[in-house]
Amino acid sequence: PFGKRTLTGYVLRAVETDICGDFTLKAISKIIDAETLITDETAALAKYICESYVCSLGESLACIIALTMTPPKRRKAQSSSAITEKERRNCKDLTCIKPQISSFPLTSYQQNAVNEINKIISSGVSQAFLLRGVTASGKTEVYLNCIEKALSLNKSAIFLIPEISLTPQFVDIVQRRFGELCGVWHSGVSSVQKYELFTSAKSGKIKLMLGARSAIFAPFSNLGLIIIDEEHDRAYKQEQKPSYDAREIAFWRAKYHNAAVVLGSATPSLESFKNALEKKITLLEMPDRIDKKKLPEVKILSLKNHRGGGMLLNETIEAVSETLKRKEQAIVFLNRRGYSPSIMCRKCLSPYQCPSCSVSMVYHRNPDVLKCHYCGQIVKLPAICPACKSREIAVFGTGTQKVEEELKKLFPKAKTLRLDGDTTVSKKSYREAYDAVKNDGCDILVGTQMIAKGFDFPKVSLVCVIDADTALYLPDFKSAERTFQIITQVSGRCGRGETAGKVLVQTSRPDHYAIVRAKDHDFLSFYNEETLQRKKFFYPPYCDLAKITLKHKNEDKAERESEFMFSALCKFIENEKIPLKLLGPAPAYISKLNNTYRKHIIIKGDKEDILSLAVYAKDYVCFYSDSQISIEISPQDLI
């Protein structure tokens, strides 16, 4: 009992007393668990999260328990009898396929990587590796061989991928290899399945947990290996409180269990690669594709002088036509969903913004509506301008719906499929799209960044990147890095079969180094140029960051209280003589979200110093402000 409410509490220790200062202790109303679920490791990990991400111990425990244990309302009994046979049959993510031994011969680079990682797994020493391999170089086979080694030593393994519902082919490969020893964990798993997975992992029935970010908390007692594929992906950072980073949790758990950590990517984050160059982690490289297949030829097409009505350049249209004639498949990539990203009055030039957020609403067709991609609000397409009452309403820009429409007009006989956040409302819809491409049910696949990973089809010989510089216009220190990564990743979808791959990149910034280096498949040159910029302006990997967001329903109060806080933080730094830099206070890139005004304060410096200031900021708001505060340590963006 907590006031008028009944809340879930977590017991870390018990004492033989009924005295608690001047307070009268209340009786616990019910014990939820018949057995101890919070282990020594769970308690220690919760303390680490609490100290590293500026949250309370209760919040960090709630995070771990909510992600790895069945909610109390579903935990009616602590035995398998709580799950019906029908529910067991519905636990499709727990496969009963028998393991199959790999018959793939390893390349010399693969074999070297396997040998180095397996040596550490066998030694029982904690060590981290960065496996940098070009797209289609066989990183997955390295992972699977290392998992086999860990399991042969009676150790468990965790295998993280950015978004498990978007990688059906990948899941199939892992499950076929390890059968019922492999559990699959993600946000779509039901509470019954979570209970089954949790108890199976705890008992040792499951030895491998494959999943998205939260699978890092799988309750294994003898971890030997943690793999983080596509380690550069921002999905490994949780945005909600506590804003933990699964990569950092992996390092902590590996140290606790004396296990190996493998970070894998064709385009590693600058922070990870710098750590590898400084030998803080071990660098393993795989510079060649399997069977010495060539990386796709990438050609940059400038949009600077393009004045046509369509979004596709003539050369792009001709390349798609030639691909279809050869009975091959093409991928058309644009990282903007909807039909057009903005709507504006031609007469007064007023944009149509979301009533609750400071962003333009996106025009969608079928039905004709405007959607806010942040708060989800949907309104009808206006007939007249709300500002000047003119009927000269126009839509501008291009989204995936518009590209799909243009392709269907150009190639009416081709089977064109669109894959984005509007078409994939469930895991099933993504699987259906995957099967369509796999079984020749699709000639042209149009989509957003979700098609940049998980697709490995030999008949895809052409990738067209439409408006490649979208991210470059964002006011964020990682915009160039993300542009390089997404072009490289989506380019890697083609040329995996017998036909050489070709990539066309349409851009208004043909000379930007991120695009030029992606064209040349030159990660090292990109790294050198980008780190020069980061060092010059003092951004990671040359410092640590924190993002403080103050939120208030009243715009004036948000402005005033953010300025008061900024002054208080400056005084704290001065009094404590802490070498930190502060930026702000400034409106967030989206200054209003869900009718709440947002102000940012950015902290730069050493992580320990940042944490001490962040704790002070949290306490300051508790005592002196009625604003909401969120503090994100090591944010993935500053938007």
# chains A, B, ... in the order shown; residues from 1 in each chain; ligands from 1
$ select_by_dssp --residues "stretch 97-309 of chain A" --states "alpha helix (DSSP H)" --output "NGL selection string"
:A and (108-123 or 139-152 or 168-178 or 191-203 or 246-257 or 270-277)
$ residues_around --residues "A:Leu445" --least-positions-apart "5" --cutoff "10 Å" --atoms "only C-alpha atoms" --output "PyMOL selection string"
chain A and resi 329-333+404+415-419+433+436-437+451+460+463
$ closest_residue --among "A:Pro296, A:Ile121, A:Asp172, A:Ser302" --to "A:Asn222" --atoms "only C-alpha atoms"
A:Ile121
$ atom_distance --atom1 "atom CA of A:Asp233" --atom2 "atom CA of A:Ala250"
14.8 Å
$ residues_around --residues "stretch 544-547 of chain A" --least-positions-apart "2" --cutoff "6 Å" --atoms "only C-alpha atoms" --output "list in words"
Pro540, Ile602, Ile603, Lys604, Gly605, Asp606, Lys607, Ile631, Glu632, Ile633 and Ser634 of chain A
$ atom_distance --atom1 "atom CA of A:Phe2" --atom2 "atom CA of A:Ser627"
24.3 Å
$ closest_residue --among "A:Cys375, A:Ile629, A:Ala201, A:Leu210" --to "A:Ala614" --atoms "only C-alpha atoms"
A:Ile629
$ atom_distance --atom1 "atom CA of A:Ala218" --atom2 "atom CA of A:Ser123"
22.6 Å
$ residues_around --residues "A:His600" --least-positions-apart "4" --cutoff "12 Å" --atoms "only C-alpha atoms" --output "PDB file with C-alpha atoms, in the first residue's frame"
ATOM      1  CA  ALA A 546      23.920  14.558 -22.359  1.00  0.00           C
ATOM      2  CA  LYS A 547      20.653  16.083 -23.544  1.00  0.00           C
ATOM      3  CA  ILE A 548      18.395  17.713 -20.967  1.00  0.00           C
ATOM      4  CA  THR A 549      14.857  18.377 -22.159  1.00  0.00           C
ATOM      5  CA  LEU A 550      12.555  20.628 -20.142  1.00  0.00           C
ATOM      6  CA  LYS A 551       8.882  20.297 -21.056  1.00  0.00           C
ATOM      7  CA  ALA A 558       9.121  26.536 -20.610  1.00  0.00           C
ATOM      8  CA  GLU A 559      11.267  29.453 -21.810  1.00  0.00           C
ATOM      9  CA  GLU A 561      12.356  27.865 -16.429  1.00  0.00           C
ATOM     10  CA  SER A 562      14.892  26.590 -18.974  1.00  0.00           C
ATOM     11  CA  GLU A 563      16.796  29.879 -18.622  1.00  0.00           C
ATOM     12  CA  MET A 565      18.011  26.064 -15.005  1.00  0.00           C
ATOM     13  CA  PHE A 566      20.762  26.979 -17.451  1.00  0.00           C
ATOM     14  CA  LEU A 582      26.878  23.902 -21.946  1.00  0.00           C
ATOM     15  CA  LEU A 583      24.818  24.746 -25.033  1.00  0.00           C
ATOM     16  CA  GLY A 584      21.394  26.365 -24.808  1.00  0.00           C
ATOM     17  CA  PRO A 585      18.795  26.758 -23.655  1.00  0.00           C
ATOM     18  CA  ALA A 586      17.276  26.461 -27.112  1.00  0.00           C
ATOM     19  CA  PRO A 587      14.015  25.174 -28.586  1.00  0.00           C
ATOM     20  CA  ALA A 588      14.160  21.520 -29.556  1.00  0.00           C
ATOM     21  CA  TYR A 589      14.163  20.812 -33.309  1.00  0.00           C
ATOM     22  CA  ILE A 590      10.490  19.934 -32.832  1.00  0.00           C
ATOM     23  CA  SER A 591       9.786  22.677 -30.314  1.00  0.00           C
ATOM     24  CA  LYS A 592       6.197  21.586 -29.631  1.00  0.00           C
ATOM     25  CA  ILE A 629      12.497  16.925 -17.229  1.00  0.00           C
ATOM     26  CA  SER A 630      14.086  14.125 -19.202  1.00  0.00           C
ATOM     27  CA  ILE A 631      17.823  13.509 -19.129  1.00  0.00           C
ATOM     28  CA  GLU A 632      19.392  11.380 -21.852  1.00  0.00           C
ATOM     29  CA  ASP A 637      20.871  12.667 -31.755  1.00  0.00           C
ATOM     30  CA  LEU A 638      20.354  16.246 -30.559  1.00  0.00           C
ATOM     31  CA  ILE A 639      17.050  16.805 -32.357  1.00  0.00           C
TER      32      ILE A 639
END
$ select_by_dssp --residues "stretch 171-342 of chain A" --states "strand (DSSP E)" --output "number ranges by chain"
A: 182-185, 208-211, 223-229, 260-265, 282-286, 297-302, 329-333, 342
$ write_last_selection --atoms "N, CA and C atoms" --output "CSV table (one decimal), in the first residue's frame"
chain,number,residue,atom,x,y,z
A,182,CYS,N,17.1,-22.2,-29.2
A,182,CYS,CA,17.1,-20.7,-29.5
A,182,CYS,C,15.7,-20.2,-29.2
A,183,GLY,N,15.6,-19.1,-28.4
A,183,GLY,CA,14.4,-18.4,-28.1
A,183,GLY,C,14.5,-17.1,-28.9
A,184,VAL,N,13.3,-16.6,-29.3
A,184,VAL,CA,13.2,-15.3,-30.0
A,184,VAL,C,12.4,-14.3,-29.2
A,185,TRP,N,13.0,-13.1,-28.9
A,185,TRP,CA,12.5,-12.2,-28.0
A,185,TRP,C,12.3,-10.8,-28.6
A,208,LEU,N,20.3,-19.9,-26.2
A,208,LEU,CA,20.5,-18.7,-27.1
A,208,LEU,C,19.3,-17.9,-27.1
A,209,MET,N,19.4,-16.6,-26.9
A,209,MET,CA,18.3,-15.6,-27.0
A,209,MET,C,18.6,-14.7,-28.1
A,210,LEU,N,17.7,-14.8,-29.2
A,210,LEU,CA,17.8,-13.9,-30.3
A,210,LEU,C,16.8,-12.8,-30.2
A,211,GLY,N,17.1,-11.6,-30.3
A,211,GLY,CA,16.1,-10.6,-30.1
A,211,GLY,C,16.6,-9.1,-30.3
A,223,LEU,N,26.7,-16.7,-19.1
A,223,LEU,CA,26.9,-16.1,-20.4
A,223,LEU,C,28.3,-16.3,-20.9
A,224,GLY,N,28.4,-16.7,-22.2
A,224,GLY,CA,29.8,-16.9,-22.8
A,224,GLY,C,30.0,-15.9,-24.0
A,225,LEU,N,28.9,-15.4,-24.6
A,225,LEU,CA,29.0,-14.6,-25.8
A,225,LEU,C,27.8,-13.7,-25.9
A,226,ILE,N,28.1,-12.4,-26.3
A,226,ILE,CA,27.0,-11.5,-26.6
A,226,ILE,C,27.4,-10.9,-28.0
A,227,ILE,N,26.4,-11.0,-29.0
A,227,ILE,CA,26.7,-10.5,-30.3
A,227,ILE,C,25.7,-9.3,-30.5
A,228,ILE,N,26.2,-8.2,-31.1
A,228,ILE,CA,25.3,-7.1,-31.4
A,228,ILE,C,25.6,-6.8,-32.9
A,229,ASP,N,24.6,-7.3,-33.7
A,229,ASP,CA,24.8,-7.1,-35.2
A,229,ASP,C,24.3,-5.7,-35.5
A,260,ALA,N,32.6,-12.9,-24.0
A,260,ALA,CA,33.1,-12.1,-25.2
A,260,ALA,C,31.9,-11.3,-25.7
A,261,VAL,N,32.2,-10.1,-26.2
A,261,VAL,CA,31.2,-9.2,-26.9
A,261,VAL,C,31.7,-9.0,-28.3
A,262,VAL,N,30.8,-9.2,-29.3
A,262,VAL,CA,31.1,-9.0,-30.7
A,262,VAL,C,30.2,-7.9,-31.2
A,263,LEU,N,30.8,-6.8,-31.6
A,263,LEU,CA,30.0,-5.7,-32.3
A,263,LEU,C,30.3,-5.9,-33.8
A,264,GLY,N,29.2,-6.0,-34.6
A,264,GLY,CA,29.4,-6.3,-36.0
A,264,GLY,C,28.7,-5.2,-36.9
A,265,SER,N,29.4,-4.8,-37.9
A,265,SER,CA,28.8,-3.8,-38.8
A,265,SER,C,29.7,-3.6,-40.1
A,282,THR,N,39.1,-5.1,-29.8
A,282,THR,CA,39.9,-5.7,-30.8
A,282,THR,C,39.2,-5.6,-32.2
A,283,LEU,N,39.9,-5.1,-33.2
A,283,LEU,CA,39.4,-5.0,-34.5
A,283,LEU,C,39.6,-6.2,-35.4
A,284,LEU,N,38.5,-6.8,-35.9
A,284,LEU,CA,38.6,-7.9,-36.9
A,284,LEU,C,38.0,-7.4,-38.2
A,285,GLU,N,38.7,-7.6,-39.3
A,285,GLU,CA,38.1,-7.1,-40.6
A,285,GLU,C,37.9,-8.2,-41.6
A,286,MET,N,36.8,-8.0,-42.3
A,286,MET,CA,36.5,-8.9,-43.5
A,286,MET,C,36.2,-8.0,-44.7
A,297,GLU,N,28.6,-1.4,-58.2
A,297,GLU,CA,29.1,-0.1,-58.8
A,297,GLU,C,28.0,1.0,-58.4
A,298,VAL,N,28.5,2.1,-57.8
A,298,VAL,CA,27.7,3.1,-57.3
A,298,VAL,C,27.9,4.4,-58.2
A,299,LYS,N,26.8,4.9,-58.7
A,299,LYS,CA,26.9,6.1,-59.6
A,299,LYS,C,26.0,7.2,-59.0
A,300,ILE,N,26.6,8.4,-58.9
A,300,ILE,CA,25.9,9.6,-58.3
A,300,ILE,C,25.2,10.4,-59.4
A,301,LEU,N,23.9,10.6,-59.3
A,301,LEU,CA,23.2,11.4,-60.2
A,301,LEU,C,22.7,12.7,-59.6
A,302,SER,N,23.2,13.8,-60.1
A,302,SER,CA,22.9,15.1,-59.5
A,302,SER,C,21.5,15.6,-59.9
A,329,GLN,N,15.3,-8.1,-60.2
A,329,GLN,CA,14.5,-7.2,-59.3
A,329,GLN,C,15.3,-5.9,-58.9
A,330,ALA,N,14.5,-4.9,-58.6
A,330,ALA,CA,15.0,-3.6,-58.3
A,330,ALA,C,14.5,-3.1,-56.9
A,331,ILE,N,15.3,-2.4,-56.2
A,331,ILE,CA,14.9,-1.8,-54.9
A,331,ILE,C,15.0,-0.3,-55.1
A,332,VAL,N,13.9,0.5,-54.8
A,332,VAL,CA,13.9,1.9,-54.9
A,332,VAL,C,13.7,2.4,-53.4
A,333,PHE,N,14.7,3.2,-53.0
A,333,PHE,CA,14.8,3.6,-51.6
A,333,PHE,C,14.5,5.1,-51.4
A,342,SER,N,4.9,17.8,-47.2
A,342,SER,CA,4.4,19.1,-46.8
A,342,SER,C,3.3,19.6,-47.7
$ residues_around --residues "A:Gly58" --least-positions-apart "6" --cutoff "9 Å" --atoms "only C-alpha atoms" --output "compact mmCIF listing (two decimals) with all heavy atoms, in the first residue's frame"
# COMPACT_ATOMS: atom_id res chain seq x y z
N GLY A 9 6.35 -3.40 -5.50
CA GLY A 9 7.64 -3.06 -4.92
C GLY A 9 8.63 -4.19 -5.16
O GLY A 9 8.25 -5.32 -5.46
N TYR A 10 9.93 -3.88 -5.00
CA TYR A 10 10.98 -4.86 -5.26
C TYR A 10 11.84 -5.00 -4.00
O TYR A 10 12.37 -4.01 -3.49
CB TYR A 10 11.84 -4.42 -6.45
CG TYR A 10 11.01 -4.07 -7.65
CD1 TYR A 10 10.76 -2.74 -8.00
CD2 TYR A 10 10.41 -5.07 -8.41
CE1 TYR A 10 9.97 -2.42 -9.07
CE2 TYR A 10 9.61 -4.76 -9.49
CZ TYR A 10 9.39 -3.43 -9.82
OH TYR A 10 8.59 -3.11 -10.90
N ALA A 46 20.88 -3.28 -12.01
CA ALA A 46 19.96 -2.17 -11.75
C ALA A 46 20.69 -0.98 -11.14
O ALA A 46 20.42 0.17 -11.48
CB ALA A 46 18.84 -2.63 -10.82
N CYS A 50 20.97 2.70 -12.80
CA CYS A 50 20.60 3.85 -11.98
C CYS A 50 21.68 4.92 -12.00
O CYS A 50 21.41 6.11 -12.18
CB CYS A 50 20.33 3.35 -10.55
SG CYS A 50 20.27 4.62 -9.30
$ residues_around --residues "A:Ile38" --least-positions-apart "3" --cutoff "9 Å" --atoms "only C-alpha atoms" --output "number ranges by chain"
A: 10-12, 41-43, 61, 65
$ closest_residue --among "A:Lys409, A:Arg234, A:His257, A:His552" --to "A:Ser625" --atoms "only C-alpha atoms"
A:His552
$ decode --residues "stretch 480-505 of chain A" --atoms "N, CA and C atoms" --output "compact mmCIF listing (two decimals), in the first residue's frame"
# COMPACT_ATOMS: atom_id res chain seq x y z
N ALA A 480 25.79 13.43 -41.21
CA ALA A 480 26.65 12.90 -42.27
C ALA A 480 26.91 11.42 -42.07
N GLU A 481 27.13 11.02 -40.84
CA GLU A 481 27.38 9.60 -40.54
C GLU A 481 26.19 8.75 -40.92
N ARG A 482 24.98 9.21 -40.61
CA ARG A 482 23.79 8.43 -40.93
C ARG A 482 23.57 8.37 -42.44
N THR A 483 23.91 9.43 -43.14
CA THR A 483 23.78 9.42 -44.60
C THR A 483 24.72 8.40 -45.21
N PHE A 484 25.98 8.39 -44.77
CA PHE A 484 26.95 7.41 -45.26
C PHE A 484 26.47 5.99 -44.97
N GLN A 485 26.00 5.77 -43.75
CA GLN A 485 25.59 4.43 -43.33
C GLN A 485 24.40 3.92 -44.14
N ILE A 486 23.38 4.76 -44.32
CA ILE A 486 22.18 4.27 -44.99
C ILE A 486 22.43 4.01 -46.47
N ILE A 487 23.25 4.85 -47.12
CA ILE A 487 23.56 4.59 -48.54
C ILE A 487 24.36 3.30 -48.67
N THR A 488 25.34 3.11 -47.78
CA THR A 488 26.15 1.89 -47.82
C THR A 488 25.31 0.65 -47.55
N GLN A 489 24.43 0.74 -46.55
CA GLN A 489 23.62 -0.43 -46.18
C GLN A 489 22.63 -0.80 -47.27
N VAL A 490 21.93 0.19 -47.83
CA VAL A 490 20.94 -0.15 -48.85
C VAL A 490 21.64 -0.57 -50.14
N SER A 491 22.82 -0.02 -50.42
CA SER A 491 23.59 -0.46 -51.59
C SER A 491 23.96 -1.93 -51.47
N GLY A 492 24.20 -2.36 -50.24
CA GLY A 492 24.59 -3.75 -50.00
C GLY A 492 23.51 -4.77 -50.26
N ARG A 493 22.28 -4.30 -50.55
CA ARG A 493 21.19 -5.25 -50.83
C ARG A 493 21.32 -5.86 -52.22
N CYS A 494 22.14 -5.26 -53.10
CA CYS A 494 22.19 -5.78 -54.47
C CYS A 494 23.54 -6.40 -54.78
N GLY A 495 23.57 -7.17 -55.87
CA GLY A 495 24.80 -7.81 -56.31
C GLY A 495 25.21 -8.99 -55.47
N ARG A 496 24.25 -9.62 -54.80
CA ARG A 496 24.57 -10.77 -53.94
C ARG A 496 24.48 -12.08 -54.70
N GLY A 497 23.87 -12.05 -55.89
CA GLY A 497 23.76 -13.26 -56.70
C GLY A 497 24.82 -13.30 -57.78
N GLU A 498 24.49 -13.90 -58.89
CA GLU A 498 25.44 -14.04 -59.99
C GLU A 498 25.61 -12.74 -60.78
N THR A 499 24.56 -11.90 -60.79
CA THR A 499 24.62 -10.65 -61.55
C THR A 499 25.25 -9.54 -60.71
N ALA A 500 26.14 -8.79 -61.29
CA ALA A 500 26.79 -7.68 -60.58
C ALA A 500 25.75 -6.62 -60.22
N GLY A 501 25.95 -6.01 -59.08
CA GLY A 501 25.00 -5.02 -58.62
C GLY A 501 25.31 -3.62 -59.12
N LYS A 502 24.25 -2.81 -59.24
CA LYS A 502 24.41 -1.42 -59.65
C LYS A 502 23.54 -0.55 -58.74
N VAL A 503 24.10 0.59 -58.31
CA VAL A 503 23.40 1.51 -57.42
C VAL A 503 23.40 2.90 -58.04
N LEU A 504 22.23 3.52 -58.11
CA LEU A 504 22.10 4.90 -58.58
C LEU A 504 21.66 5.77 -57.41
N VAL A 505 22.42 6.83 -57.13
CA VAL A 505 22.14 7.70 -55.99
C VAL A 505 21.76 9.08 -56.51
